[in-house]
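For reference, the structure is listed below as structure tokens.
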Amino acid sequence: EAGVTQSPTHLIKTRGQQATLRCSPISGHTSVYWYQQALGLGLQFLLWYDEGEERNRGNFPPRFSGRQFPNYSSELNVNALELEDSALYLCASSFGTSGRGQYFGPGTRLTVT
Amino acid sequence: KQEVTQIPAALSVPEGENLVLNCSFTDSAIYNLQWFRQDPGKGLTSLLLIQSSQREQTSGRLNASLDKSSGRSTLYIAASQPGDSATYLCAVTNTGNQFYFGTGTSLTVIP
């Protein structure tokens, strides 16, 4: 069974640009979660999508947004990039809200210069 | 609001030693608890998932226990190996499918 995949692996942008990160969940999983992990900090919850709808978002500004497609894959968009947006962005998927746990992708390393 | 704490923050042990990592949470109304491993700069690997009705789960040299009433979980690693060196994270899920992560324990196993 293929795991969660994320692309790109690395992304380098300059301040003020936009970044788009992509995630494909495990087959059969309908929920996708996005997290930010800045250097030396813990995982910060960003967004949760389930069945194409945004179910919850963390304490992040509106320039962090995303969407979930009919095939349950997801995009995270970060507009007007700031230096402090440099981080590892992790995507996880789960089988809806069944409580069967989350399973993570390898992450996208975003560097803003 | 749920708060998850992991103690110790860092641990260094000689190879072959058995060790215990601790995770505590403030709200016992959880749906499940999951232990993860994270290698530097990498994603999280799920190790064990314990449902709220369960007391423990085992996988190879790993054993995780859950005491929901006291808000505690432990991850026991038997016969540690240098390859076990990583950061170990616990996460709890509440009934609203909100996940709360601890800050992790950084483990170093010295050959």
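Ligands are numbered from 1 in the order shown, chains are lettered A, B, ... in the order of the structure tokens, and residues start at 1 in each chain.
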Spatial neighbours of range 37-43 of chain B, 7 Å, only C-alpha atoms, chain gap at least 4 places, as an MDAnalysis selection string: (chainID A and resid 90 104:107) or (chainID B and resid 47 86:89)
I need the chain A residues near chain B as a ChimeraX atom specification; criterion: at most 12 Å, counting only C-alpha atoms. /A:3-6,9-10,31-50,55-58,87-110
The distance between CA of Thr58 in chain B and CA of Ala2 in chain A is 23.4 Å
Pick from B:Leu107, B:Val20, B:Leu11, B:Val4, whichever lies nearest to Thr74 in chain B using only C-alpha atoms: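 Closest residue, counting only C-alpha atoms: B:Val20.
Here CA of Ser73 in chain B stands at a distance of 13.9 Å from CA of Ala29 in chain B.
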Please measure the separation of CA of Leu76 in chain A and CA of Gly28 in chain A, giving the value in Å to one decimal.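 For CA of Leu76 in chain A relative to CA of Gly28 in chain A, the distance reads 20.3 Å.
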Looking only at strand (DSSP E) from DSSP on the backbone, list the matching residues of chain B as a ChimeraX atom specification. /B:4-7,10-14,19-25,30-38,44-51,56-59,62-67,72-77,86-94,99-101,105-110
Skip range 21-23 of chain B itself and residues of its chain fewer than 6 positions away, then list as a ChimeraX atom specification all residues within 6 Å of it, counting only C-alpha atoms. /B:5-7,72-75
All residues 6 Å or closer to Ser86 in chain A, only C-alpha atoms, same chain fewer than 3 positions away omitted, as number ranges by chain: A: 83, 110-112
